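Participant: You'll find data_36.txt just under this line, and it carries compact mmCIF, C-alpha atoms and all ligand atoms.
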# COMPACT_ATOMS: atom_id res chain seq x y z
CA MET S 1 150.15 -13.52 7.39
CA ARG S 2 146.67 -14.33 6.10
CA GLY S 3 145.24 -12.89 2.93
CA PHE S 4 142.26 -13.38 0.69
CA GLY S 5 142.75 -14.46 -2.90
CA PHE S 6 143.49 -17.78 -4.55
CA ALA S 7 146.09 -20.47 -5.01
CA GLU S 8 144.93 -21.48 -8.50
CA HIS S 9 143.38 -19.38 -11.26
CA GLY S 10 139.76 -20.00 -12.15
CA GLY S 11 136.24 -19.05 -11.17
CA LEU S 12 134.74 -17.88 -7.89
CA ASP S 13 135.07 -21.42 -6.50
CA ARG S 14 138.87 -20.89 -6.43
CA LEU S 15 138.65 -18.01 -3.95
CA ALA S 16 140.36 -18.85 -0.68
CA TYR S 17 142.08 -17.50 2.41
CA VAL S 18 145.79 -17.93 1.80
CA GLU S 19 149.03 -17.62 3.75
CA VAL S 20 151.71 -15.32 2.31
CA PRO S 21 154.98 -14.01 3.78
CA GLU S 22 154.79 -10.77 5.74
CA PRO S 23 156.35 -8.05 3.53
CA VAL S 24 159.29 -6.07 4.92
CA PRO S 25 159.73 -2.42 3.87
CA GLY S 26 163.02 -1.64 2.14
CA PRO S 27 164.58 1.81 1.78
CA GLY S 28 162.02 4.37 0.68
CA GLU S 29 159.09 2.05 1.41
CA ILE S 30 156.29 2.05 3.96
CA ARG S 31 154.42 -0.84 5.51
CA VAL S 32 150.73 -0.15 6.06
CA ARG S 33 148.44 -2.17 8.31
CA ILE S 34 145.34 -2.54 6.17
CA ARG S 35 141.96 -1.69 7.71
CA ALA S 36 139.87 -1.72 4.53
CA ALA S 37 140.44 -3.05 1.04
CA ALA S 38 138.25 -2.49 -2.01
CA PHE S 39 137.78 -4.71 -5.00
CA ASN S 40 137.54 -3.82 -8.67
CA HIS S 41 136.44 -5.78 -11.69
CA LEU S 42 140.18 -6.22 -12.23
CA ASP S 43 140.22 -8.70 -9.33
CA ARG S 44 137.87 -10.96 -11.26
CA PHE S 45 140.17 -10.82 -14.28
CA THR S 46 143.21 -11.52 -12.08
CA LEU S 47 141.42 -14.48 -10.50
CA ALA S 48 140.60 -15.86 -13.95
CA GLY S 49 144.18 -15.25 -15.15
CA ILE S 50 145.25 -12.45 -17.49
CA PRO S 51 147.21 -13.58 -20.57
CA GLY S 52 150.78 -12.30 -20.37
CA VAL S 53 150.59 -11.36 -16.68
CA PRO S 54 152.43 -13.98 -14.64
CA ILE S 55 151.66 -13.75 -10.95
CA GLU S 56 153.03 -15.25 -7.81
CA ARG S 57 150.76 -17.82 -6.13
CA PRO S 58 149.17 -18.01 -3.69
CA HIS S 59 147.95 -14.58 -4.63
CA VAL S 60 146.24 -11.93 -2.52
CA LEU S 61 143.60 -9.87 -4.36
CA GLY S 62 142.72 -6.19 -3.97
CA SER S 63 144.25 -3.05 -5.47
CA ASP S 64 142.67 -0.50 -3.16
CA GLY S 65 143.51 -0.19 0.49
CA SER S 66 143.54 2.12 3.46
CA GLY S 67 144.92 1.72 6.95
CA VAL S 68 147.56 2.90 9.32
CA VAL S 69 151.30 3.40 8.78
CA GLU S 70 152.93 0.58 10.73
CA ARG S 71 156.63 0.66 9.84
CA LEU S 72 158.94 2.97 7.85
CA GLY S 73 161.75 1.76 5.61
CA GLY S 74 165.08 3.58 5.62
CA GLY S 75 165.11 7.21 4.55
CA VAL S 76 161.35 7.76 4.69
CA ALA S 77 160.31 11.14 6.08
CA GLY S 78 157.11 13.15 6.12
CA VAL S 79 154.81 10.45 7.54
CA SER S 80 154.74 8.89 10.96
CA VAL S 81 153.83 5.52 12.36
CA GLY S 82 150.16 5.45 13.34
CA GLN S 83 149.06 7.93 10.66
CA ARG S 84 145.84 7.08 8.76
CA VAL S 85 146.52 6.71 5.03
CA LEU S 86 145.24 5.45 1.71
CA LEU S 87 147.32 3.74 -0.96
CA ASN S 88 147.73 4.65 -4.60
CA PRO S 89 147.74 1.23 -6.29
CA GLY S 90 149.67 2.48 -9.35
CA LEU S 91 153.34 1.51 -9.26
CA TRP S 92 155.95 3.13 -11.52
CA ASP S 93 159.74 2.73 -11.55
CA GLY S 94 160.55 6.44 -11.42
CA VAL S 95 163.58 6.08 -13.70
CA CYS S 96 162.36 5.41 -17.26
CA ASP S 97 161.93 8.17 -19.88
CA ALA S 98 158.20 8.48 -19.24
CA CYS S 99 158.66 8.76 -15.48
CA ARG S 100 161.35 11.40 -15.93
CA ARG S 101 158.92 13.39 -18.09
CA GLY S 102 156.38 13.15 -15.24
CA GLU S 103 154.17 10.75 -17.19
CA GLU S 104 154.18 7.90 -14.72
CA ALA S 105 151.02 6.34 -16.19
CA LEU S 106 153.13 5.60 -19.28
CA CYS S 107 155.96 4.01 -17.28
CA ARG S 108 157.67 1.19 -19.13
CA ASP S 109 157.37 -0.89 -15.98
CA TYR S 110 153.91 0.23 -14.85
CA ARG S 111 152.29 -2.20 -12.44
CA ILE S 112 149.17 -2.32 -10.29
CA VAL S 113 148.99 -3.50 -6.68
CA GLY S 114 146.95 -6.70 -6.49
CA GLU S 115 147.46 -7.51 -10.17
CA HIS S 116 151.22 -7.55 -10.62
CA THR S 117 151.99 -7.70 -6.90
CA GLN S 118 150.35 -9.16 -3.81
CA GLY S 119 147.18 -7.21 -3.05
CA THR S 120 145.51 -5.32 -0.25
CA ALA S 121 143.08 -7.95 1.09
CA THR S 122 145.49 -8.85 3.83
CA GLU S 123 147.13 -7.55 7.02
CA PHE S 124 150.17 -5.67 5.70
CA VAL S 125 151.08 -4.08 2.38
CA VAL S 126 154.44 -2.54 1.49
CA VAL S 127 154.57 0.19 -1.17
CA PRO S 128 156.93 3.04 -2.07
CA ALA S 129 156.48 6.03 0.25
CA ARG S 130 155.19 8.10 -2.72
CA ASN S 131 152.17 5.74 -2.90
CA VAL S 132 151.06 6.52 0.65
CA HIS S 133 148.74 9.50 1.21
CA PRO S 134 147.54 10.75 4.61
CA ILE S 135 143.76 11.02 5.07
CA PRO S 136 141.73 13.10 7.53
CA GLU S 137 139.63 11.65 10.37
CA THR S 138 136.52 12.65 8.44
CA LEU S 139 137.20 10.00 5.79
CA SER S 140 136.40 6.47 6.99
CA PHE S 141 138.74 3.62 6.10
CA ALA S 142 136.00 2.18 3.86
CA GLU S 143 135.58 5.46 1.98
CA ALA S 144 139.34 5.91 1.65
CA ALA S 145 139.71 2.40 0.22
CA ALA S 146 136.92 3.02 -2.27
CA VAL S 147 138.37 5.97 -4.14
CA ALA S 148 141.95 5.47 -5.29
CA LEU S 149 141.74 3.25 -8.37
CA VAL S 150 138.46 4.37 -9.90
CA PHE S 151 138.86 8.11 -9.41
CA GLN S 152 142.37 8.27 -10.82
CA THR S 153 141.18 6.27 -13.82
CA ALA S 154 138.21 8.56 -14.43
CA TRP S 155 140.33 11.68 -13.87
CA ARG S 156 143.07 10.90 -16.40
CA ALA S 157 140.61 9.46 -18.93
CA LEU S 158 138.41 12.56 -18.89
CA THR S 159 141.07 15.27 -18.45
CA THR S 160 144.44 14.39 -20.01
CA ILE S 161 143.14 11.84 -22.50
CA GLY S 162 139.54 12.95 -23.13
CA GLY S 163 140.24 16.69 -22.91
CA VAL S 164 136.80 17.44 -21.47
CA VAL S 165 136.08 21.16 -21.06
CA THR S 166 133.12 23.06 -19.63
CA GLY S 167 129.93 22.77 -21.61
CA GLN S 168 130.89 19.69 -23.62
CA ARG S 169 128.67 16.65 -23.82
CA VAL S 170 130.05 13.57 -22.08
CA ALA S 171 128.47 10.11 -22.07
CA ILE S 172 129.35 7.35 -19.63
CA VAL S 173 128.53 3.80 -20.72
CA GLY S 174 127.27 1.71 -17.78
CA ALA S 175 125.76 3.08 -14.59
CA GLY S 176 126.55 1.19 -11.43
CA GLY S 177 130.17 0.11 -11.75
CA GLY S 178 132.96 1.51 -9.65
CA VAL S 179 134.44 3.38 -12.59
CA PRO S 180 131.17 4.77 -14.01
CA THR S 181 130.06 6.11 -10.60
CA ALA S 182 133.38 7.95 -10.32
CA ALA S 183 133.36 9.13 -13.94
CA VAL S 184 129.94 10.79 -13.63
CA GLN S 185 131.19 12.90 -10.73
CA VAL S 186 134.43 13.83 -12.47
CA ALA S 187 132.65 14.79 -15.70
CA LYS S 188 130.23 17.02 -13.79
CA LEU S 189 133.09 18.63 -11.87
CA LEU S 190 134.72 19.44 -15.23
CA GLY S 191 131.55 21.27 -16.19
CA ALA S 192 130.24 18.83 -18.78
CA GLN S 193 126.66 17.94 -19.68
CA VAL S 194 126.59 14.30 -18.64
CA ALA S 195 124.47 11.39 -19.85
CA VAL S 196 124.73 7.88 -18.46
CA VAL S 197 123.69 5.03 -20.73
CA ALA S 198 122.55 1.73 -19.23
CA ARG S 199 120.58 -1.40 -19.97
CA SER S 200 117.77 -0.67 -17.49
CA ASP S 201 116.43 2.40 -15.72
CA ALA S 202 116.75 0.85 -12.25
CA LYS S 203 119.86 2.90 -11.43
CA ALA S 204 118.49 6.20 -12.75
CA PRO S 205 117.65 7.82 -9.39
CA ALA S 206 121.02 6.97 -7.83
CA THR S 207 122.86 8.10 -10.97
CA ARG S 208 121.01 11.41 -11.08
CA ALA S 209 121.86 11.89 -7.41
CA LEU S 210 125.54 11.76 -8.44
CA GLY S 211 124.88 14.68 -10.76
CA ALA S 212 124.12 13.09 -14.13
CA ASP S 213 121.95 15.34 -16.32
CA ALA S 214 120.38 12.48 -18.27
CA PHE S 215 119.89 8.75 -17.84
CA LEU S 216 119.31 6.90 -21.11
CA THR S 217 118.31 3.27 -21.41
CA ILE S 218 119.35 1.11 -24.32
CA ASP S 219 117.93 -2.10 -25.81
CA ALA S 220 117.74 -3.77 -29.19
CA GLU S 221 115.23 -1.21 -30.48
CA HIS S 222 116.98 1.76 -28.89
CA PRO S 223 120.69 1.19 -29.49
CA LEU S 224 123.37 3.28 -27.84
CA ASP S 225 124.28 5.36 -30.90
CA ARG S 226 120.67 6.29 -31.56
CA VAL S 227 119.82 7.35 -27.99
CA LEU S 228 123.00 9.40 -27.74
CA TRP S 229 122.38 11.01 -31.12
CA GLN S 230 118.97 12.07 -29.95
CA TRP S 231 120.25 13.31 -26.58
CA SER S 232 122.90 15.41 -28.32
CA GLU S 233 120.32 17.02 -30.60
CA LYS S 234 122.05 15.35 -33.55
CA GLN S 235 125.36 17.05 -32.76
CA GLY S 236 127.04 13.95 -31.41
CA VAL S 237 128.80 13.49 -28.08
CA ASP S 238 132.18 15.12 -27.44
CA VAL S 239 133.61 12.46 -25.16
CA ILE S 240 132.29 8.94 -24.56
CA PHE S 241 133.76 7.06 -21.62
CA ASP S 242 133.44 3.37 -22.45
CA SER S 243 134.60 0.57 -20.17
CA VAL S 244 132.18 -2.02 -21.52
CA GLY S 245 133.96 -2.92 -24.75
CA ALA S 246 132.81 -5.37 -27.39
CA PRO S 247 129.04 -4.74 -27.37
CA THR S 248 129.27 -0.94 -27.19
CA ILE S 249 132.44 0.43 -28.73
CA GLY S 250 131.28 0.44 -32.36
CA ARG S 251 128.11 2.30 -31.39
CA SER S 252 129.99 4.66 -29.10
CA LEU S 253 132.07 5.69 -32.11
CA ARG S 254 128.92 6.25 -34.16
CA ALA S 255 127.64 8.63 -31.48
CA THR S 256 130.68 10.92 -31.46
CA ALA S 257 130.55 14.57 -32.45
CA ARG S 258 132.96 15.90 -35.06
CA ALA S 259 136.43 15.60 -33.48
CA GLY S 260 134.81 13.62 -30.66
CA ARG S 261 136.69 11.06 -28.60
CA VAL S 262 135.83 7.60 -27.38
CA VAL S 263 138.00 6.93 -24.35
CA VAL S 264 138.37 3.22 -23.73
CA ILE S 265 139.43 2.26 -20.24
CA GLY S 266 138.17 -1.30 -20.06
CA ALA S 267 136.56 -4.18 -21.88
CA THR S 268 134.29 -5.73 -19.26
CA ALA S 269 132.01 -7.42 -21.78
CA GLY S 270 134.63 -8.55 -24.28
CA PRO S 271 137.96 -7.40 -25.74
CA THR S 272 137.45 -7.46 -29.52
CA ALA S 273 135.07 -5.33 -31.53
CA GLU S 274 134.39 -4.07 -35.03
CA ILE S 275 134.33 -0.37 -35.86
CA ASP S 276 133.33 1.45 -39.02
CA LEU S 277 136.46 3.26 -40.18
CA ARG S 278 134.36 5.59 -42.33
CA THR S 279 132.81 7.06 -39.18
CA LEU S 280 136.26 7.48 -37.68
CA PHE S 281 137.67 9.58 -40.53
CA TRP S 282 134.52 11.42 -41.57
CA ARG S 283 133.87 12.62 -38.02
CA GLN S 284 137.61 13.07 -37.49
CA ALA S 285 136.99 11.24 -34.28
CA SER S 286 139.48 9.34 -32.19
CA ILE S 287 139.48 6.27 -30.02
CA ARG S 288 141.96 6.58 -27.21
CA GLY S 289 142.97 4.23 -24.45
CA SER S 290 143.62 5.32 -20.90
CA THR S 291 144.96 3.50 -17.86
CA MET S 292 145.24 4.64 -14.25
CA ALA S 293 147.02 8.00 -13.77
CA GLY S 294 150.34 9.69 -13.15
CA ALA S 295 151.54 11.06 -9.82
CA ALA S 296 150.36 14.64 -10.46
CA GLU S 297 146.97 13.48 -11.78
CA PHE S 298 146.55 11.34 -8.67
CA ARG S 299 147.28 14.31 -6.40
CA GLU S 300 144.84 16.48 -8.38
CA VAL S 301 141.95 14.07 -8.03
CA LEU S 302 142.77 13.16 -4.42
CA ALA S 303 142.66 16.86 -3.47
CA ARG S 304 139.11 17.02 -4.83
CA ILE S 305 138.13 13.92 -2.85
CA LEU S 306 139.63 15.29 0.36
CA ASP S 307 137.86 18.64 -0.02
CA GLY S 308 134.54 16.89 -0.68
CA ARG S 309 133.98 17.83 -4.34
CA LEU S 310 134.16 14.12 -5.25
CA HIS S 311 133.03 11.34 -2.97
CA ALA S 312 133.25 7.60 -2.55
CA VAL S 313 130.24 5.63 -3.73
CA ILE S 314 130.05 2.42 -1.74
CA ASP S 315 127.81 -0.41 -2.86
CA ARG S 316 128.39 -2.57 0.18
CA VAL S 317 130.94 -3.21 2.92
CA PHE S 318 131.69 -6.89 3.57
CA SER S 319 133.29 -8.26 6.71
CA TRP S 320 136.47 -10.34 6.42
CA GLU S 321 134.56 -13.62 6.79
CA HIS S 322 132.44 -12.77 3.73
CA ALA S 323 135.25 -11.90 1.33
CA ALA S 324 134.06 -14.42 -1.27
CA ASP S 325 130.59 -12.81 -1.33
CA ALA S 326 132.30 -9.50 -2.03
CA LEU S 327 133.92 -10.83 -5.22
CA ALA S 328 130.65 -12.47 -6.32
CA ARG S 329 128.86 -9.14 -5.96
CA PHE S 330 130.29 -7.95 -9.32
CA ASP S 331 127.64 -10.16 -10.96
CA ALA S 332 124.75 -8.53 -9.10
CA PRO S 333 122.44 -6.62 -11.44
CA ASP S 334 121.85 -3.97 -8.75
CA LEU S 335 125.56 -3.22 -8.13
CA PHE S 336 126.06 0.48 -7.47
CA GLY S 337 129.51 1.67 -6.52
CA LYS S 338 132.46 0.07 -4.85
CA ILE S 339 132.73 -3.22 -3.00
CA VAL S 340 134.69 -2.84 0.21
CA LEU S 341 136.16 -5.44 2.56
CA THR S 342 137.01 -4.62 6.16
CA VAL S 343 140.16 -6.13 7.59
CA PRO S 344 140.02 -6.58 11.36
CA PRO S 345 142.96 -5.02 13.25
N1 LIG U 401 142.30 1.18 -17.65
C1 LIG U 401 142.20 1.32 -16.34
O1 LIG U 401 143.04 1.95 -15.70
C2 LIG U 401 141.06 0.72 -15.63
C3 LIG U 401 140.76 1.12 -14.32
C4 LIG U 401 139.62 0.61 -13.72
C5 LIG U 401 138.82 -0.28 -14.38
N2 LIG U 401 139.16 -0.70 -15.62
C6 LIG U 401 138.28 -1.62 -16.34
O2 LIG U 401 137.02 -0.97 -16.48
C7 LIG U 401 135.96 -1.92 -16.38
C8 LIG U 401 135.00 -1.49 -15.30
O3 LIG U 401 135.60 -1.67 -14.04
P1 LIG U 401 134.75 -1.60 -12.71
O4 LIG U 401 135.63 -2.04 -11.60
O5 LIG U 401 134.05 -0.30 -12.64
O6 LIG U 401 133.68 -2.75 -13.00
P2 LIG U 401 132.24 -3.01 -12.38
O7 LIG U 401 132.17 -2.31 -11.06
O8 LIG U 401 132.00 -4.45 -12.46
O9 LIG U 401 131.26 -2.25 -13.40
C9 LIG U 401 131.00 -2.75 -14.67
C10 LIG U 401 130.14 -1.76 -15.42
O10 LIG U 401 129.98 -2.21 -16.74
C11 LIG U 401 128.64 -2.06 -17.13
N3 LIG U 401 128.33 -3.13 -18.12
C12 LIG U 401 128.78 -4.41 -18.10
N4 LIG U 401 128.32 -5.05 -19.20
C13 LIG U 401 127.63 -4.15 -19.92
C14 LIG U 401 126.91 -4.20 -21.16
N5 LIG U 401 126.87 -5.32 -21.88
N6 LIG U 401 126.31 -3.07 -21.58
C15 LIG U 401 126.35 -1.93 -20.85
N7 LIG U 401 127.00 -1.84 -19.67
C16 LIG U 401 127.61 -2.93 -19.22
C17 LIG U 401 127.81 -2.13 -15.88
O11 LIG U 401 126.71 -1.28 -16.10
P3 LIG U 401 125.34 -1.27 -15.24
O12 LIG U 401 125.72 -0.87 -13.85
O13 LIG U 401 124.56 -0.24 -15.93
O14 LIG U 401 124.80 -2.64 -15.30
C18 LIG U 401 128.75 -1.55 -14.84
O15 LIG U 401 128.55 -0.16 -14.73
C19 LIG U 401 136.64 -3.26 -16.14
O16 LIG U 401 136.74 -3.93 -17.37
C20 LIG U 401 137.98 -2.89 -15.59
O17 LIG U 401 138.96 -3.87 -15.80
C21 LIG U 401 140.26 -0.21 -16.26
ZN ZN U 402 158.95 4.56 -15.42
Give the structure from this file in structure tokens form.
Ligand SMILES: NC(=O)c1ccc[n+]([C@@H]2O[C@H](COP(=O)([O-])OP(=O)(O)OC[C@H]3O[C@@H](n4cnc5c(N)ncnc54)[C@H](OP(=O)(O)O)[C@@H]3O)[C@@H](O)[C@H]2O)c1
Ligand SMILES: [Zn+2]

Facilitator:
Amino acid sequence: MRGFGFAEHGGLDRLAYVEVPEPVPGPGEIRVRIRAAAFNHLDRFTLAGIPGVPIERPHVLGSDGSGVVERLGGGVAGVSVGQRVLLNPGLWDGVCDACRRGEEALCRDYRIVGEHTQGTATEFVVVPARNVHPIPETLSFAEAAAVALVFQTAWRALTTIGGVVTGQRVAIVGAGGGVPTAAVQVAKLLGAQVAVVARSDAKAPATRALGADAFLTIDAEHPLDRVLWQWSEKQGVDVIFDSVGAPTIGRSLRATARAGRVVVIGATAGPTAEIDLRTLFWRQASIRGSTMAGAAEFREVLARILDGRLHAVIDRVFSWEHAADALARFDAPDLFGKIVLTVPP
């Protein structure tokens, strides 16, 4: 079957339509005919090559996908062929200590569709039945593809890891990315006062429309820690959701309240940074990492998407022929939300 991805790691010039074997569902698995896939910044890292993550080539990109159940492996019940579904791209083994405790996000063998396995930008994807979730007619395939990875990430990071409760101050670093546009909505739903911090004010109206209480711009004269300190009336911020990394993490820490948390879920702009340990202990702050979500967390956030309390933010939908433009779009300064690819039936 055809897919979109690459045969060799590298830059955008390596993107290509590739041929990969059609996957066959084994016991407990479901094959889904993909109608829409969505990309994440992760796809750019996978294309470039992630140290320590060996992948099969040619490789199909895409972690997010939605479509129609096409074939059931042995022993699968509860869904039927033809049903509209979305995929949870988080894969866990279900047998390790963490999985048995119900903490699938900490699975010893945790993997992500499209990174560790062939992705969703193709005709058919096979996943365990527990990764397949029915969707109502009211949710388009594009919307369904746009929610799974970013919302579960924002949900776990702000609830289980960040411990956000009503009335707390939450700051999101970056405005238009897939994860930030989900995190703003989740933080508001949790009852937080939410500020988004970005390098220009161009995305302020769209960000406020998602519910953000404040939109703060940063530059050399107005660094992140100072604008957040001011916003928090010199109390500091309870939880800072940072996916940017090297240029922001040290300043995020400096903007924390006493016992505040910086939750790191990515390092888009660089993986190594310096922090001032004195801030860490004097504020009794913490820096915590978070990745994806467990099965229960996924169901919690999906329920809020299906009942309309959280919604997909779509930057643009690309047709199959323009898949390479979709991956290039991550560099666009006006990016706002998720990049979706339609897969013709
Ligand atoms: N741990 C996990 O489970 C998990 C899950 C999802 C994503 N991630 C990681 O999280 C990151 C974001 O993913 P994504 O798909 O949302 O990416 P994306 O759509 O490309 O968004 C990137 C965001 O980073 C912001 N940004 C980039 N450089 C910046 C800088 N120097 N200063 C301030 N903001 C900057 C952009 O802000 P503006 O819009 O304001 O320009 C944008 O909001 C990636 O590194 C990804 O790998 C991790
Ligand atoms: Zn496990």

Participant: Would you mind telling me which residue in S:Val132, S:Cys99, S:Leu302, S:Ala214 lies nearest to Thr153 in chain S when using all atoms listed in the file?

Facilitator: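 Going through S:Val132, S:Cys99, S:Leu302, S:Ala214 one by one, the smallest distance to Thr153 in chain S is for S:Leu302.
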
Participant: Could you make a table, as a Markdown table, of the residues of chain S that have an atom within 9 Å of an atom of ligand ZN 402 (chain U), each with its nearest atom pair and distance in Å to one decimal, counting all atoms listed in the file, in chain and number order?

Facilitator:
| residue | atom | partner | partner_atom | distance |
| --- | --- | --- | --- | --- |
| S:Leu91 | CA | U:ZN402 | ZN | 8.9 |
| S:Trp92 | CA | U:ZN402 | ZN | 5.1 |
| S:Asp93 | CA | U:ZN402 | ZN | 4.4 |
| S:Gly94 | CA | U:ZN402 | ZN | 4.7 |
| S:Val95 | CA | U:ZN402 | ZN | 5.2 |
| S:Cys96 | CA | U:ZN402 | ZN | 4.0 |
| S:Asp97 | CA | U:ZN402 | ZN | 6.5 |
| S:Ala98 | CA | U:ZN402 | ZN | 5.5 |
| S:Cys99 | CA | U:ZN402 | ZN | 4.2 |
| S:Arg100 | CA | U:ZN402 | ZN | 7.3 |
| S:Gly102 | CA | U:ZN402 | ZN | 9.0 |
| S:Glu103 | CA | U:ZN402 | ZN | 8.0 |
| S:Glu104 | CA | U:ZN402 | ZN | 5.9 |
| S:Ala105 | CA | U:ZN402 | ZN | 8.2 |
| S:Leu106 | CA | U:ZN402 | ZN | 7.1 |
| S:Cys107 | CA | U:ZN402 | ZN | 3.6 |
| S:Arg108 | CA | U:ZN402 | ZN | 5.2 |
| S:Asp109 | CA | U:ZN402 | ZN | 5.7 |
| S:Tyr110 | CA | U:ZN402 | ZN | 6.7 |

Participant: Give me a file of those residues, with C-alpha atoms, as a PDB file, in the coordinates of the input.

Facilitator:
ATOM      1  CA  LEU S  91     153.340   1.510  -9.260  1.00  0.00           C
ATOM      2  CA  TRP S  92     155.950   3.130 -11.520  1.00  0.00           C
ATOM      3  CA  ASP S  93     159.740   2.730 -11.550  1.00  0.00           C
ATOM      4  CA  GLY S  94     160.550   6.440 -11.420  1.00  0.00           C
ATOM      5  CA  VAL S  95     163.580   6.080 -13.700  1.00  0.00           C
ATOM      6  CA  CYS S  96     162.360   5.410 -17.260  1.00  0.00           C
ATOM      7  CA  ASP S  97     161.930   8.170 -19.880  1.00  0.00           C
ATOM      8  CA  ALA S  98     158.200   8.480 -19.240  1.00  0.00           C
ATOM      9  CA  CYS S  99     158.660   8.760 -15.480  1.00  0.00           C
ATOM     10  CA  ARG S 100     161.350  11.400 -15.930  1.00  0.00           C
ATOM     11  CA  GLY S 102     156.380  13.150 -15.240  1.00  0.00           C
ATOM     12  CA  GLU S 103     154.170  10.750 -17.190  1.00  0.00           C
ATOM     13  CA  GLU S 104     154.180   7.900 -14.720  1.00  0.00           C
ATOM     14  CA  ALA S 105     151.020   6.340 -16.190  1.00  0.00           C
ATOM     15  CA  LEU S 106     153.130   5.600 -19.280  1.00  0.00           C
ATOM     16  CA  CYS S 107     155.960   4.010 -17.280  1.00  0.00           C
ATOM     17  CA  ARG S 108     157.670   1.190 -19.130  1.00  0.00           C
ATOM     18  CA  ASP S 109     157.370  -0.890 -15.980  1.00  0.00           C
ATOM     19  CA  TYR S 110     153.910   0.230 -14.850  1.00  0.00           C
TER      20      TYR S 110
END

Participant: Which residues are near ligand LIG 401 (chain U) in this structure, taking near to mean any atom at most 6 Å from a ligand atom and counting all atoms listed in the file? Format them as a VMD selection string.

Facilitator: chain S and resid 40 to 42 150 153 173 to 180 198 to 199 243 to 244 247 265 to 269 290 to 292 330

Participant: Which residues are close to Gly114 in chain S, i.e. within 8 Å by only C-alpha atoms, leaving aside same-chain residues fewer than 2 positions away? Reply as a ChimeraX atom specification.

Facilitator: /S:43,60-63,89,112,116-120

Participant: Write the residues of the preceding selection, restricted to C-alpha atoms, as a compact mmCIF listing (two decimals), in the frame of the given file.

Facilitator:
# COMPACT_ATOMS: atom_id res chain seq x y z
CA ASP S 43 140.22 -8.70 -9.33
CA VAL S 60 146.24 -11.93 -2.52
CA LEU S 61 143.60 -9.87 -4.36
CA GLY S 62 142.72 -6.19 -3.97
CA SER S 63 144.25 -3.05 -5.47
CA PRO S 89 147.74 1.23 -6.29
CA ILE S 112 149.17 -2.32 -10.29
CA HIS S 116 151.22 -7.55 -10.62
CA THR S 117 151.99 -7.70 -6.90
CA GLN S 118 150.35 -9.16 -3.81
CA GLY S 119 147.18 -7.21 -3.05
CA THR S 120 145.51 -5.32 -0.25

Participant: So how many Å separate CA of Phe241 in chain S and CA of Leu12 in chain S, to one decimal?

Facilitator: 28.5 Å

Participant: Can you tell me, as a list of chain:residue names, which residues sit within 7 Å of (145.2, 11.0, -11.7) in the file's frame, using all atoms listed in the file?

Facilitator: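 Residues lying no farther than 7 Å from the given point: S:Gln152, S:Thr153, S:Trp155, S:Arg156, S:Met292, S:Ala293, S:Gly294, S:Ala295, S:Ala296, S:Glu297, S:Phe298, S:Arg299, S:Glu300, S:Val301.
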
Participant: Measuring between all atoms listed in the file, which one of S:Arg329, S:Val76, S:Val127, S:Gly67 shows the shortest distance to Val24 in chain S?

Facilitator: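 Using all atoms listed in the file, the shortest distance to Val24 in chain S belongs to S:Val127.
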
Participant: Work out how far CA of Ala328 in chain S is from CA of Pro23 in chain S, in Å to one decimal.

Facilitator: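 Going from CA of Pro23 in chain S over to CA of Ala328 in chain S, I get 27.9 Å.
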
Participant: Taking only C-alpha atoms into account, name the residue in S:Leu47, S:Val343, S:Leu139, S:Ala323 that is nearest to Glu123 in chain S.

Facilitator: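 Smallest distance to Glu123 in chain S is found for S:Val343.
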
Participant: What is the distance between CA of Phe45 in chain S and CA of Val194 in chain S, in Å to one decimal?

Facilitator: 28.9 Å

Participant: Which neighbours of Glu70 in chain S fall inside 8 Å, counting only C-alpha atoms, when residues of the same chain fewer than 2 positions from it are skipped, and could you give them as a VMD selection string?

Facilitator: chain S and resid 30 to 33 68 72 81 to 82

Participant: Which residue out of S:Arg288, S:Arg14, S:Arg169, S:Lys203 has the minimum interatomic distance to Thr217 in chain S when all atoms listed in the file are used?

Facilitator: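 Among S:Arg288, S:Arg14, S:Arg169, S:Lys203, it is S:Lys203 that comes nearest to Thr217 in chain S.
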
Participant: When you look at range 227-236 of chain S with a cut-off of 10 Å (counting only C-alpha atoms), what residues show up, excluding the ones that are within fewer than 3 positions of it in the same chain? I need them as a list of chain:residue names.

Facilitator: S:Arg169, S:Val170, S:Ala171, S:Gln193, S:Ala195, S:Val196, S:Val197, S:Ala214, S:Phe215, S:Leu216, S:Thr217, S:Ile218, S:Asp219, S:His222, S:Pro223, S:Leu224, S:Val239, S:Ile240, S:Arg251, S:Ser252, S:Leu253, S:Arg254, S:Ala255, S:Thr256, S:Ala257, S:Arg258, S:Ala259, S:Gly260, S:Arg283

Participant: Would you mind telling me which residue in S:Leu190, S:Ala148, S:Val184, S:Ala246 lies nearest to Asp213 in chain S when using all atoms listed in the file?

Facilitator: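 Using all atoms listed in the file, the shortest distance to Asp213 in chain S belongs to S:Val184.
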
Participant: Give the answer as one residue: which of S:Arg316, S:Pro54, S:Pro136, S:Phe336 has the shortest atom-to-atom distance to Ala202 in chain S, using all atoms listed in the file?

Facilitator: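 Of S:Arg316, S:Pro54, S:Pro136, S:Phe336, the one nearest Ala202 in chain S is S:Phe336, counting all atoms listed in the file.
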
Participant: Around all the atoms of range 138-151 of chain S listed in the file, with 3 Å of room on each side, what axis-aligned box do you get, giving centre and edge lengths in Å to one decimal, as AutoDock Vina command-line options?

Facilitator:
--center_x 138.8 --center_y 7.4 --center_z -0.7 --size_x 12.4 --size_y 16.5 --size_z 24.3

Participant: Compile the contact shell of Ala144 in chain S as a PyMOL selection string: residues with an atom at most 8 Å away, counting all atoms listed in the file, same-chain residues fewer than 6 positions apart removed.

Facilitator: chain S and resi 65-66+85-86+135+312
